[in-house]
Amino acid sequence: MYKKKYGRMTVSAWLNMEMEHTNPLWMVLMGGGLMIGGILVRFFVGAPHVTLMSLGVAEMVPPAWLMSLLWTVSFLVVGCAAGFAFGYRARGCEVDKYKGGMLFVLLAVLELCWYPTFFGAGLLFLSVLESILILILCTGVTLCFYRISKFAGMLLLLHELWLIYMLILNFAVFFNA
């Protein structure tokens with residue numbers, strides 16, 4: 001069924017085994033839906049790059065195209081991780097699915113609300129608090145999803161790196177303003 005090399009499973013065999021236990025349609029729906037939500041929020045609020053440049057953190061901000069790409073990919077990664085966990089068919093993980101699902105809904109709503117709070121309304125202190133809460137919620141979701149599927153948990157670990165960068169950027173803007 002899978003190749004063994006020196007008594008250990010290869011990465012591709014592990015991913016294939018993980019994919020056998022989930023419904024990929026969930027990944028596509030959740031990832032695409034959350035990504036579209038993020039794009040719509042950004043479209044209605046406006047581009048962040050001009051605001052960030054005017055706030056004195058130009059040295060910390062990547063180019064506009066990269067910032068937009070990272071923003072979009074972060075929503076895709078979170079949605080795919082959620083879809084992977086929700087579509088997981090193994091028994092015994094229903095409690096973690098429920099807990100992770102509830103935390104995920106809160107996380108998604110807060111992440112979609114952070115952008116208009118920071119860039120639209122300019123509420124810097126509130127956006128710092130929101131960023132901290134988002135990071136805490138993402139850690140909870142990561143732990144729940146990791147118990148369901150290690151792959152879903154690892155995807156969210158990537159997102160947590162992005163959230164840490166955004167929190168540092170948020171603090172820099174708050175203290176420079």
# chains A, B, ... in the order shown; residues from 1 in each chain; ligands from 1
$ select_by_dssp --residues "stretch 1-163 of chain A" --states "strand (DSSP E or B)" --output "ChimeraX atom specification"
/A:4-5,8-9
$ closest_atom_pairs --of "stretch 25-127 of chain A" --to "stretch 139-158 of chain A" --cutoff "6 Å" --atoms "only C-alpha atoms" --output "JSON lines"
{"residue": "A:Ala81", "atom": "CA", "partner": "A:Ala152", "partner_atom": "CA", "distance": 4.5}
{"residue": "A:Ala85", "atom": "CA", "partner": "A:Phe145", "partner_atom": "CA", "distance": 5.9}
{"residue": "A:Cys93", "atom": "CA", "partner": "A:Ile148", "partner_atom": "CA", "distance": 5.8}
{"residue": "A:Asp96", "atom": "CA", "partner": "A:Cys144", "partner_atom": "CA", "distance": 5.2}
{"residue": "A:Gly100", "atom": "CA", "partner": "A:Val141", "partner_atom": "CA", "distance": 5.0}
{"residue": "A:Leu103", "atom": "CA", "partner": "A:Val141", "partner_atom": "CA", "distance": 5.9}
$ write_last_selection --atoms "N, CA and C atoms" --output "CSV table (one decimal), in the first residue's frame"
chain,number,residue,atom,x,y,z
A,81,ALA,N,-7.7,23.5,5.5
A,81,ALA,CA,-7.5,22.7,6.8
A,81,ALA,C,-8.8,22.4,7.4
A,85,ALA,N,-10.4,18.7,7.9
A,85,ALA,CA,-10.8,18.1,9.2
A,85,ALA,C,-12.3,17.8,9.2
A,93,CYS,N,-13.4,11.0,16.3
A,93,CYS,CA,-12.9,12.4,16.4
A,93,CYS,C,-14.0,13.4,16.3
A,96,ASP,N,-13.6,16.4,18.7
A,96,ASP,CA,-12.6,17.4,18.2
A,96,ASP,C,-13.2,18.1,17.0
A,100,GLY,N,-13.4,22.0,17.3
A,100,GLY,CA,-12.7,22.7,16.3
A,100,GLY,C,-13.6,23.5,15.3
A,103,LEU,N,-14.7,26.7,17.2
A,103,LEU,CA,-13.6,27.6,17.2
A,103,LEU,C,-13.3,28.1,15.8
$ closest_atom_pairs --of "stretch 126-172 of chain A" --to "stretch 48-62 of chain A" --cutoff "12 Å" --atoms "only C-alpha atoms" --output "tab-separated table"
residue	atom	partner	partner_atom	distance
A:Tyr165	CA	A:Met60	CA	9.4
A:Met166	CA	A:Val61	CA	9.9
A:Leu167	CA	A:Met60	CA	11.9
A:Ile168	CA	A:Met60	CA	9.3
A:Leu169	CA	A:Met60	CA	7.1
A:Asn170	CA	A:Val57	CA	9.7
A:Phe171	CA	A:Val57	CA	10.4
A:Ala172	CA	A:Val57	CA	7.0
$ select_by_dssp --residues "chain A" --states "alpha helix (DSSP H)" --output "VMD selection string"
chain A and resid 11 to 20 24 to 45 49 to 54 64 to 86 94 to 115 124 to 148 150 to 176
$ closest_residue --among "A:Pro116, A:Leu123, A:Gly83, A:Ser68" --to "A:Ile39" --atoms "only C-alpha atoms"
A:Ser68
$ residues_around --residues "A:Leu124" --least-positions-apart "5" --cutoff "8 Å" --atoms "only C-alpha atoms" --output "list in words"
Thr117, Phe118, Asn170, Val173 and Phe174 of chain A
$ write_last_selection --atoms "N, CA, C and O atoms" --output "JSON list (two decimals), in the first residue's frame"
[["chain", "number", "residue", "atom", "x", "y", "z"],
["A", 117, "THR", "N", -11.51, 46.40, 10.53],
["A", 117, "THR", "CA", -11.19, 47.09, 11.78],
["A", 117, "THR", "C", -9.88, 47.86, 11.66],
["A", 117, "THR", "O", -9.79, 49.01, 12.07],
["A", 118, "PHE", "N", -8.88, 47.23, 11.07],
["A", 118, "PHE", "CA", -7.57, 47.84, 10.96],
["A", 118, "PHE", "C", -7.50, 48.85, 9.82],
["A", 118, "PHE", "O", -7.13, 50.00, 10.02],
["A", 170, "ASN", "N", 1.02, 44.59, 13.45],
["A", 170, "ASN", "CA", -0.03, 45.31, 14.17],
["A", 170, "ASN", "C", 0.56, 46.10, 15.34],
["A", 170, "ASN", "O", 0.22, 47.27, 15.55],
["A", 173, "VAL", "N", 2.62, 49.10, 14.03],
["A", 173, "VAL", "CA", 1.75, 50.21, 13.60],
["A", 173, "VAL", "C", 1.16, 50.91, 14.83],
["A", 173, "VAL", "O", 1.13, 52.13, 14.88],
["A", 174, "PHE", "N", 0.72, 50.14, 15.81],
["A", 174, "PHE", "CA", 0.10, 50.73, 17.00],
["A", 174, "PHE", "C", 1.09, 51.62, 17.75],
["A", 174, "PHE", "O", 0.75, 52.72, 18.19]]
$ closest_atom_pairs --of "stretch 40-142 of chain A" --to "stretch 26-34 of chain A" --cutoff "6 Å" --atoms "only C-alpha atoms" --output "Markdown table"
| residue | atom | partner | partner_atom | distance |
| --- | --- | --- | --- | --- |
| A:Phe75 | CA | A:Leu34 | CA | 5.7 |
| A:Leu76 | CA | A:Gly31 | CA | 4.6 |
| A:Gly79 | CA | A:Gly31 | CA | 3.6 |
| A:Cys80 | CA | A:Gly31 | CA | 4.3 |
| A:Gly83 | CA | A:Met27 | CA | 4.0 |
| A:Phe84 | CA | A:Met27 | CA | 5.3 |
| A:Gly87 | CA | A:Trp26 | CA | 5.6 |
$ write_last_selection --atoms "N, CA and C atoms" --output "PDB file, in the first residue's frame"
ATOM      1  N   PHE A  75      -6.146  32.624   3.705  1.00  0.00           N
ATOM      2  CA  PHE A  75      -7.544  32.214   3.815  1.00  0.00           C
ATOM      3  C   PHE A  75      -7.774  30.857   3.144  1.00  0.00           C
ATOM      4  N   LEU A  76      -7.116  30.619   2.027  1.00  0.00           N
ATOM      5  CA  LEU A  76      -7.239  29.330   1.348  1.00  0.00           C
ATOM      6  C   LEU A  76      -6.716  28.202   2.236  1.00  0.00           C
ATOM      7  N   GLY A  79      -9.138  27.561   5.185  1.00  0.00           N
ATOM      8  CA  GLY A  79     -10.338  26.880   4.691  1.00  0.00           C
ATOM      9  C   GLY A  79     -10.067  25.436   4.312  1.00  0.00           C
ATOM     10  N   CYS A  80      -8.936  25.183   3.663  1.00  0.00           N
ATOM     11  CA  CYS A  80      -8.591  23.803   3.287  1.00  0.00           C
ATOM     12  C   CYS A  80      -8.354  22.935   4.522  1.00  0.00           C
ATOM     13  N   GLY A  83     -11.760  22.215   5.907  1.00  0.00           N
ATOM     14  CA  GLY A  83     -12.429  21.238   5.053  1.00  0.00           C
ATOM     15  C   GLY A  83     -11.844  19.846   5.208  1.00  0.00           C
ATOM     16  N   PHE A  84     -10.530  19.785   5.364  1.00  0.00           N
ATOM     17  CA  PHE A  84      -9.882  18.495   5.567  1.00  0.00           C
ATOM     18  C   PHE A  84     -10.350  17.864   6.867  1.00  0.00           C
ATOM     19  N   GLY A  87     -14.190  16.953   6.715  1.00  0.00           N
ATOM     20  CA  GLY A  87     -14.457  15.835   5.816  1.00  0.00           C
ATOM     21  C   GLY A  87     -13.786  14.540   6.228  1.00  0.00           C
TER      22      GLY A  87
END
$ atom_distance --atom1 "atom CA of A:Glu111" --atom2 "atom CA of A:His21"
28.4 Å
$ closest_residue --among "A:Leu70, A:Cys138, A:Glu160, A:Phe86" --to "A:Leu25" --atoms "only C-alpha atoms"
A:Phe86
$ residues_around --residues "A:Val41" --least-positions-apart "6" --cutoff "9 Å" --atoms "only C-alpha atoms" --output "VMD selection string"
chain A and resid 112 to 113 115 to 116
$ residues_around --residues "A:Leu137" --least-positions-apart "5" --cutoff "8 Å" --atoms "only C-alpha atoms" --output "list in words"
Leu103, Phe104, Leu106 and Leu107 of chain A
$ decode --residues "stretch 19-167 of chain A" --atoms "C-alpha atoms" --output "mmCIF file, in the first residue's frame"
data_model
loop_
_atom_site.group_PDB
_atom_site.id
_atom_site.type_symbol
_atom_site.label_atom_id
_atom_site.label_comp_id
_atom_site.auth_asym_id
_atom_site.auth_seq_id
_atom_site.Cartn_x
_atom_site.Cartn_y
_atom_site.Cartn_z
ATOM 1 C CA MET A 19 -6.198 11.888 1.733
ATOM 2 C CA GLU A 20 -7.872 8.464 1.729
ATOM 3 C CA HIS A 21 -9.586 9.360 5.001
ATOM 4 C CA THR A 22 -11.141 12.633 3.906
ATOM 5 C CA ASN A 23 -13.514 13.998 1.319
ATOM 6 C CA PRO A 24 -11.617 16.438 -0.956
ATOM 7 C CA LEU A 25 -14.859 18.230 -1.806
ATOM 8 C CA TRP A 26 -14.904 19.655 1.725
ATOM 9 C CA MET A 27 -11.421 21.096 1.179
ATOM 10 C CA VAL A 28 -12.429 22.740 -2.091
ATOM 11 C CA LEU A 29 -15.667 24.174 -0.692
ATOM 12 C CA MET A 30 -14.231 25.449 2.593
ATOM 13 C CA GLY A 31 -10.967 26.701 1.108
ATOM 14 C CA GLY A 32 -12.636 28.388 -1.841
ATOM 15 C CA GLY A 33 -15.432 29.849 0.255
ATOM 16 C CA LEU A 34 -13.136 31.392 2.839
ATOM 17 C CA MET A 35 -10.767 32.659 0.151
ATOM 18 C CA ILE A 36 -13.642 34.340 -1.704
ATOM 19 C CA GLY A 37 -14.815 35.857 1.593
ATOM 20 C CA GLY A 38 -11.349 37.320 2.190
ATOM 21 C CA ILE A 39 -11.171 38.693 -1.349
ATOM 22 C CA LEU A 40 -14.603 40.310 -0.997
ATOM 23 C CA VAL A 41 -13.693 41.936 2.318
ATOM 24 C CA ARG A 42 -10.495 43.292 0.786
ATOM 25 C CA PHE A 43 -12.367 44.516 -2.277
ATOM 26 C CA PHE A 44 -14.917 46.458 -0.237
ATOM 27 C CA VAL A 45 -12.429 47.918 2.263
ATOM 28 C CA GLY A 46 -9.600 48.659 -0.182
ATOM 29 C CA ALA A 47 -5.943 47.818 -0.633
ATOM 30 C CA PRO A 48 -3.808 47.816 2.525
ATOM 31 C CA HIS A 49 -0.502 48.832 1.050
ATOM 32 C CA VAL A 50 -1.109 52.607 0.935
ATOM 33 C CA THR A 51 -2.345 52.601 4.529
ATOM 34 C CA LEU A 52 0.641 50.599 5.766
ATOM 35 C CA MET A 53 3.109 52.862 3.963
ATOM 36 C CA SER A 54 1.524 55.958 5.497
ATOM 37 C CA LEU A 55 1.745 54.484 9.008
ATOM 38 C CA GLY A 56 5.531 54.260 9.049
ATOM 39 C CA VAL A 57 6.127 50.519 8.764
ATOM 40 C CA ALA A 58 7.350 50.444 5.152
ATOM 41 C CA GLU A 59 10.447 48.392 6.026
ATOM 42 C CA MET A 60 8.302 45.587 7.497
ATOM 43 C CA VAL A 61 5.828 45.317 4.616
ATOM 44 C CA PRO A 62 6.483 43.097 1.602
ATOM 45 C CA PRO A 63 5.619 44.354 -1.913
ATOM 46 C CA ALA A 64 1.900 44.914 -2.590
ATOM 47 C CA TRP A 65 1.576 41.893 -4.890
ATOM 48 C CA LEU A 66 3.174 39.600 -2.286
ATOM 49 C CA MET A 67 1.032 40.970 0.545
ATOM 50 C CA SER A 68 -2.108 40.351 -1.541
ATOM 51 C CA LEU A 69 -0.970 36.849 -2.447
ATOM 52 C CA LEU A 70 -0.146 35.959 1.166
ATOM 53 C CA TRP A 71 -3.473 37.364 2.363
ATOM 54 C CA THR A 72 -5.396 35.273 -0.175
ATOM 55 C CA VAL A 73 -3.362 32.111 0.371
ATOM 56 C CA SER A 74 -3.763 32.379 4.148
ATOM 57 C CA PHE A 75 -7.544 32.214 3.815
ATOM 58 C CA LEU A 76 -7.239 29.330 1.348
ATOM 59 C CA VAL A 77 -4.971 27.392 3.751
ATOM 60 C CA VAL A 78 -7.299 27.909 6.730
ATOM 61 C CA GLY A 79 -10.338 26.880 4.691
ATOM 62 C CA CYS A 80 -8.591 23.803 3.287
ATOM 63 C CA ALA A 81 -7.477 22.734 6.766
ATOM 64 C CA ALA A 82 -11.037 23.112 8.036
ATOM 65 C CA GLY A 83 -12.429 21.238 5.053
ATOM 66 C CA PHE A 84 -9.882 18.495 5.567
ATOM 67 C CA ALA A 85 -10.841 18.128 9.227
ATOM 68 C CA PHE A 86 -14.607 18.370 8.642
ATOM 69 C CA GLY A 87 -14.457 15.835 5.816
ATOM 70 C CA TYR A 88 -12.351 13.368 7.789
ATOM 71 C CA ARG A 89 -14.098 10.009 7.938
ATOM 72 C CA ALA A 90 -12.255 8.275 10.758
ATOM 73 C CA ARG A 91 -14.297 7.396 13.820
ATOM 74 C CA GLY A 92 -13.597 8.742 17.271
ATOM 75 C CA CYS A 93 -12.870 12.351 16.386
ATOM 76 C CA GLU A 94 -16.398 13.798 16.557
ATOM 77 C CA VAL A 95 -15.725 15.774 19.761
ATOM 78 C CA ASP A 96 -12.649 17.405 18.245
ATOM 79 C CA LYS A 97 -14.596 18.118 15.047
ATOM 80 C CA TYR A 98 -17.297 19.845 17.071
ATOM 81 C CA LYS A 99 -14.869 21.860 19.221
ATOM 82 C CA GLY A 100 -12.663 22.687 16.256
ATOM 83 C CA GLY A 101 -15.694 23.602 14.171
ATOM 84 C CA MET A 102 -17.019 26.035 16.754
ATOM 85 C CA LEU A 103 -13.599 27.613 17.228
ATOM 86 C CA PHE A 104 -13.101 27.712 13.451
ATOM 87 C CA VAL A 105 -16.331 29.672 12.924
ATOM 88 C CA LEU A 106 -15.204 32.221 15.528
ATOM 89 C CA LEU A 107 -11.746 32.341 13.953
ATOM 90 C CA ALA A 108 -13.096 32.880 10.437
ATOM 91 C CA VAL A 109 -15.462 35.648 11.552
ATOM 92 C CA LEU A 110 -12.726 37.423 13.530
ATOM 93 C CA GLU A 111 -10.238 37.137 10.681
ATOM 94 C CA LEU A 112 -12.740 38.560 8.219
ATOM 95 C CA CYS A 113 -13.539 41.380 10.680
ATOM 96 C CA TRP A 114 -9.891 42.241 11.419
ATOM 97 C CA TYR A 115 -9.229 43.749 7.992
ATOM 98 C CA PRO A 116 -12.037 46.350 8.138
ATOM 99 C CA THR A 117 -11.191 47.087 11.784
ATOM 100 C CA PHE A 118 -7.566 47.841 10.961
ATOM 101 C CA PHE A 119 -7.692 49.283 7.441
ATOM 102 C CA GLY A 120 -11.271 50.502 7.161
ATOM 103 C CA ALA A 121 -11.959 52.026 10.573
ATOM 104 C CA GLY A 122 -8.359 52.573 11.695
ATOM 105 C CA LEU A 123 -9.070 51.220 15.180
ATOM 106 C CA LEU A 124 -5.494 50.240 15.949
ATOM 107 C CA PHE A 125 -5.866 49.191 19.589
ATOM 108 C CA LEU A 126 -8.943 47.100 18.828
ATOM 109 C CA SER A 127 -7.151 45.448 15.908
ATOM 110 C CA VAL A 128 -4.208 44.540 18.194
ATOM 111 C CA LEU A 129 -6.615 42.924 20.665
ATOM 112 C CA GLU A 130 -8.380 41.194 17.801
ATOM 113 C CA SER A 131 -5.041 39.892 16.451
ATOM 114 C CA ILE A 132 -4.158 38.420 19.839
ATOM 115 C CA LEU A 133 -7.565 36.749 20.071
ATOM 116 C CA ILE A 134 -7.202 35.425 16.503
ATOM 117 C CA LEU A 135 -3.828 33.872 17.365
ATOM 118 C CA ILE A 136 -5.259 32.260 20.514
ATOM 119 C CA LEU A 137 -8.274 30.908 18.602
ATOM 120 C CA CYS A 138 -6.063 29.632 15.790
ATOM 121 C CA THR A 139 -3.945 27.751 18.337
ATOM 122 C CA GLY A 140 -7.101 26.102 19.712
ATOM 123 C CA VAL A 141 -8.316 25.203 16.223
ATOM 124 C CA THR A 142 -4.857 23.863 15.354
ATOM 125 C CA LEU A 143 -4.845 21.579 18.398
ATOM 126 C CA CYS A 144 -8.364 20.272 17.667
ATOM 127 C CA PHE A 145 -7.654 19.722 13.974
ATOM 128 C CA TYR A 146 -4.275 18.102 14.712
ATOM 129 C CA ARG A 147 -6.073 15.487 16.823
ATOM 130 C CA ILE A 148 -8.318 14.767 13.835
ATOM 131 C CA SER A 149 -5.642 14.892 11.142
ATOM 132 C CA LYS A 150 -1.980 15.776 11.437
ATOM 133 C CA PHE A 151 -2.113 17.278 7.937
ATOM 134 C CA ALA A 152 -4.879 19.729 8.871
ATOM 135 C CA GLY A 153 -2.944 20.722 11.988
ATOM 136 C CA MET A 154 0.228 21.303 9.988
ATOM 137 C CA LEU A 155 -1.628 23.499 7.513
ATOM 138 C CA LEU A 156 -2.812 25.642 10.390
ATOM 139 C CA LEU A 157 0.719 25.863 11.776
ATOM 140 C CA LEU A 158 1.652 27.622 8.531
ATOM 141 C CA HIS A 159 -1.220 30.017 9.099
ATOM 142 C CA GLU A 160 -0.060 30.674 12.647
ATOM 143 C CA LEU A 161 3.299 31.850 11.283
ATOM 144 C CA TRP A 162 1.403 34.364 9.130
ATOM 145 C CA LEU A 163 -0.643 35.445 12.150
ATOM 146 C CA ILE A 164 2.502 36.013 14.214
ATOM 147 C CA TYR A 165 3.884 38.240 11.460
ATOM 148 C CA MET A 166 0.596 40.150 11.289
ATOM 149 C CA LEU A 167 0.565 40.575 15.074
#
